[in-house]
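> Have a look at this one.
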Amino acid sequence: MTEPGDNKEKVLSVVQKAIETYGNKKDELIPILSFINHRIGYLPDWALTEISSLMGIPQSRIFSVASFYDMLSTEPVGKHIIRFCESAPCHVVGGREVYQTLLDTLAIKPGETTHDGMWTFLTVSCLGVCGVGPVMMIDEDVFGNLTPNQVPEILAKYSTGGIQ
């Protein structure tokens, strides 16, 4: 499967647009990386090299920032990203069972993307909504008070195009 980051011209065009939008000051690195990540789906090596050249920041520093933040990805991700909360409050109210259902349903491990490119499954330490645990977030949508039985129905809404 060809990834969006494989199209070097598109990557360079998006990097240029990000620099035009935010400028090339070091303080704008995170907004620039976010802009590119949002447009391409991740931060390909070509993007990091071009940012380094245009901003005069060592590529190692750019990679360090890009790999630090959960909202950014240096690897291709699925069309939909699932973030599952592993915190203690979610765990004690049934999170482990929901987690196992997600693993079984998606047939991947945390940090992996399904073969069809539809899902990337990530675990996080907290989503900030502990009162409605267990919790998962798909893209920008938060689902709380989850039970294992709800998982297939929720995923189906994204698979059938009901939620874009």
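Numbering starts fresh at 1 for the residues of each chain in the structure tokens, the chains themselves are lettered A, B, ... in the order given, and ligands are numbered from 1 as they appear.
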Might you pull out every residue within 7 Å of range 88-96 of chain A, with only C-alpha atoms counted and same-chain residues fewer than 4 positions away left off, and present them as an MDAnalysis selection string?

chainID A and resid 100 130 133:135

> Give me, as JSON lines, the closest atom pair and its distance (Å, one decimal) for every residue of range 50-116 of chain A within a cut-off of 10 Å of range 120-128 of chain A, counting only C-alpha atoms, rows sorted by chain and rising number.


```
{"residue": "A:Asp70", "atom": "CA", "partner": "A:Val124", "partner_atom": "CA", "distance": 8.7}
{"residue": "A:Pro76", "atom": "CA", "partner": "A:Thr120", "partner_atom": "CA", "distance": 9.2}
{"residue": "A:Val77", "atom": "CA", "partner": "A:Thr120", "partner_atom": "CA", "distance": 5.8}
{"residue": "A:Gly78", "atom": "CA", "partner": "A:Thr120", "partner_atom": "CA", "distance": 4.9}
{"residue": "A:Lys79", "atom": "CA", "partner": "A:Thr120", "partner_atom": "CA", "distance": 7.7}
{"residue": "A:His80", "atom": "CA", "partner": "A:Thr120", "partner_atom": "CA", "distance": 6.4}
{"residue": "A:Ile81", "atom": "CA", "partner": "A:Thr120", "partner_atom": "CA", "distance": 4.8}
{"residue": "A:Ile82", "atom": "CA", "partner": "A:Phe121", "partner_atom": "CA", "distance": 4.9}
{"residue": "A:Arg83", "atom": "CA", "partner": "A:Leu122", "partner_atom": "CA", "distance": 4.8}
{"residue": "A:Phe84", "atom": "CA", "partner": "A:Thr123", "partner_atom": "CA", "distance": 4.7}
{"residue": "A:Cys85", "atom": "CA", "partner": "A:Val124", "partner_atom": "CA", "distance": 5.1}
{"residue": "A:Glu86", "atom": "CA", "partner": "A:Ser125", "partner_atom": "CA", "distance": 5.3}
{"residue": "A:Ser87", "atom": "CA", "partner": "A:Ser125", "partner_atom": "CA", "distance": 5.3}
{"residue": "A:Ala88", "atom": "CA", "partner": "A:Ser125", "partner_atom": "CA", "distance": 8.9}
{"residue": "A:Pro89", "atom": "CA", "partner": "A:Cys126", "partner_atom": "CA", "distance": 9.3}
{"residue": "A:Cys90", "atom": "CA", "partner": "A:Cys126", "partner_atom": "CA", "distance": 8.8}
{"residue": "A:Tyr99", "atom": "CA", "partner": "A:Thr123", "partner_atom": "CA", "distance": 9.3}
{"residue": "A:Leu102", "atom": "CA", "partner": "A:Phe121", "partner_atom": "CA", "distance": 8.6}
{"residue": "A:Leu103", "atom": "CA", "partner": "A:Phe121", "partner_atom": "CA", "distance": 8.6}
{"residue": "A:Leu106", "atom": "CA", "partner": "A:Phe121", "partner_atom": "CA", "distance": 8.4}
{"residue": "A:Ile108", "atom": "CA", "partner": "A:Phe121", "partner_atom": "CA", "distance": 7.6}
{"residue": "A:Lys109", "atom": "CA", "partner": "A:Phe121", "partner_atom": "CA", "distance": 7.2}
{"residue": "A:Pro110", "atom": "CA", "partner": "A:Leu122", "partner_atom": "CA", "distance": 5.1}
{"residue": "A:Gly111", "atom": "CA", "partner": "A:Leu122", "partner_atom": "CA", "distance": 5.1}
{"residue": "A:Glu112", "atom": "CA", "partner": "A:Thr120", "partner_atom": "CA", "distance": 5.7}
{"residue": "A:Thr113", "atom": "CA", "partner": "A:Thr120", "partner_atom": "CA", "distance": 4.1}
{"residue": "A:Thr114", "atom": "CA", "partner": "A:Thr120", "partner_atom": "CA", "distance": 6.5}
{"residue": "A:His115", "atom": "CA", "partner": "A:Thr120", "partner_atom": "CA", "distance": 9.8}
```

> In terms of the shortest atom-to-atom distance over only C-alpha atoms, which of A:Lys157, A:Lys25, A:Lys17, A:His38 is closest to Ser52 in chain A?

A:Lys25

> Write out as a PDB file with N, CA and C atoms, in the first residue's frame each polymer residue whose atoms come within 12 Å of Lys26 in chain A, counting only C-alpha atoms; drop sequence neighbours fewer than 5 positions from it.


```
ATOM      1  N   ILE A  19       4.917  26.416   6.636  1.00  0.00           N
ATOM      2  CA  ILE A  19       5.870  27.491   6.913  1.00  0.00           C
ATOM      3  C   ILE A  19       5.264  28.838   6.519  1.00  0.00           C
ATOM      4  N   PRO A  31       3.093  23.965  16.099  1.00  0.00           N
ATOM      5  CA  PRO A  31       1.991  24.194  15.155  1.00  0.00           C
ATOM      6  C   PRO A  31       2.318  23.737  13.734  1.00  0.00           C
ATOM      7  N   ILE A  32       3.553  23.900  13.309  1.00  0.00           N
ATOM      8  CA  ILE A  32       3.955  23.453  11.968  1.00  0.00           C
ATOM      9  C   ILE A  32       3.865  21.933  11.876  1.00  0.00           C
ATOM     10  N   LEU A  33       4.395  21.243  12.868  1.00  0.00           N
ATOM     11  CA  LEU A  33       4.323  19.780  12.872  1.00  0.00           C
ATOM     12  C   LEU A  33       2.877  19.301  12.919  1.00  0.00           C
ATOM     13  N   ILE A  51      11.726  20.611   6.958  1.00  0.00           N
ATOM     14  CA  ILE A  51      11.519  21.558   8.066  1.00  0.00           C
ATOM     15  C   ILE A  51      12.874  21.982   8.628  1.00  0.00           C
ATOM     16  N   SER A  52      13.753  21.026   8.812  1.00  0.00           N
ATOM     17  CA  SER A  52      15.089  21.313   9.325  1.00  0.00           C
ATOM     18  C   SER A  52      15.801  22.326   8.426  1.00  0.00           C
ATOM     19  N   LEU A  54      14.442  24.475   6.211  1.00  0.00           N
ATOM     20  CA  LEU A  54      13.767  25.768   6.143  1.00  0.00           C
ATOM     21  C   LEU A  54      13.816  26.563   7.448  1.00  0.00           C
ATOM     22  N   MET A  55      13.911  25.848   8.576  1.00  0.00           N
ATOM     23  CA  MET A  55      13.870  26.533   9.866  1.00  0.00           C
ATOM     24  C   MET A  55      15.231  26.636  10.542  1.00  0.00           C
ATOM     25  N   GLY A  56      16.226  25.933  10.006  1.00  0.00           N
ATOM     26  CA  GLY A  56      17.548  25.974  10.620  1.00  0.00           C
ATOM     27  C   GLY A  56      17.597  25.285  11.971  1.00  0.00           C
ATOM     28  N   ILE A  57      16.775  24.257  12.127  1.00  0.00           N
ATOM     29  CA  ILE A  57      16.746  23.478  13.367  1.00  0.00           C
ATOM     30  C   ILE A  57      17.298  22.093  13.029  1.00  0.00           C
ATOM     31  N   PRO A  58      18.182  21.548  13.858  1.00  0.00           N
ATOM     32  CA  PRO A  58      18.701  20.207  13.561  1.00  0.00           C
ATOM     33  C   PRO A  58      17.561  19.182  13.459  1.00  0.00           C
ATOM     34  N   ARG A  61      16.531  17.363  16.597  1.00  0.00           N
ATOM     35  CA  ARG A  61      15.661  18.139  17.506  1.00  0.00           C
ATOM     36  C   ARG A  61      14.210  18.062  17.040  1.00  0.00           C
ATOM     37  N   ILE A  62      14.005  18.184  15.736  1.00  0.00           N
ATOM     38  CA  ILE A  62      12.645  18.113  15.188  1.00  0.00           C
ATOM     39  C   ILE A  62      12.056  16.731  15.447  1.00  0.00           C
ATOM     40  N   VAL A  65      10.992  16.349  19.094  1.00  0.00           N
ATOM     41  CA  VAL A  65       9.702  16.985  19.383  1.00  0.00           C
ATOM     42  C   VAL A  65       8.569  16.167  18.771  1.00  0.00           C
TER      43      VAL A  65
END
```

> Check the smallest atom-to-atom distance from each of A:Val129, A:Glu28, A:Tyr69, A:Val11 to Leu48 in chain A using only C-alpha atoms, then report the winner.

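Nearest candidate to Leu48 in chain A out of A:Val129, A:Glu28, A:Tyr69, A:Val11: A:Val11.
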
> Could you pull out the residues in chain A that DSSP calls helix (DSSP H, G or I) from the backbone, as number ranges by chain?

A: 4-6, 8-22, 26-40, 45-55, 59-68, 88-106, 130-132, 150-159

> Determine the nearest neighbour of Ile36 in chain A from the options A:Asn145, A:Thr49, A:Thr101, A:Ser13, counting only C-alpha atoms.

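Answer, going by the shortest atom-to-atom distance: A:Ser13.
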
> Rounded to one decimal place, report the CA of Ser64 in chain A-CA of Glu140 in chain A distance in Å.

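These two atoms are separated by 24.7 Å.
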
> One number please: CA of Arg39 in chain A to CA of Ser159 in chain A, in Å, one decimal.

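So the answer is 21.3 Å.
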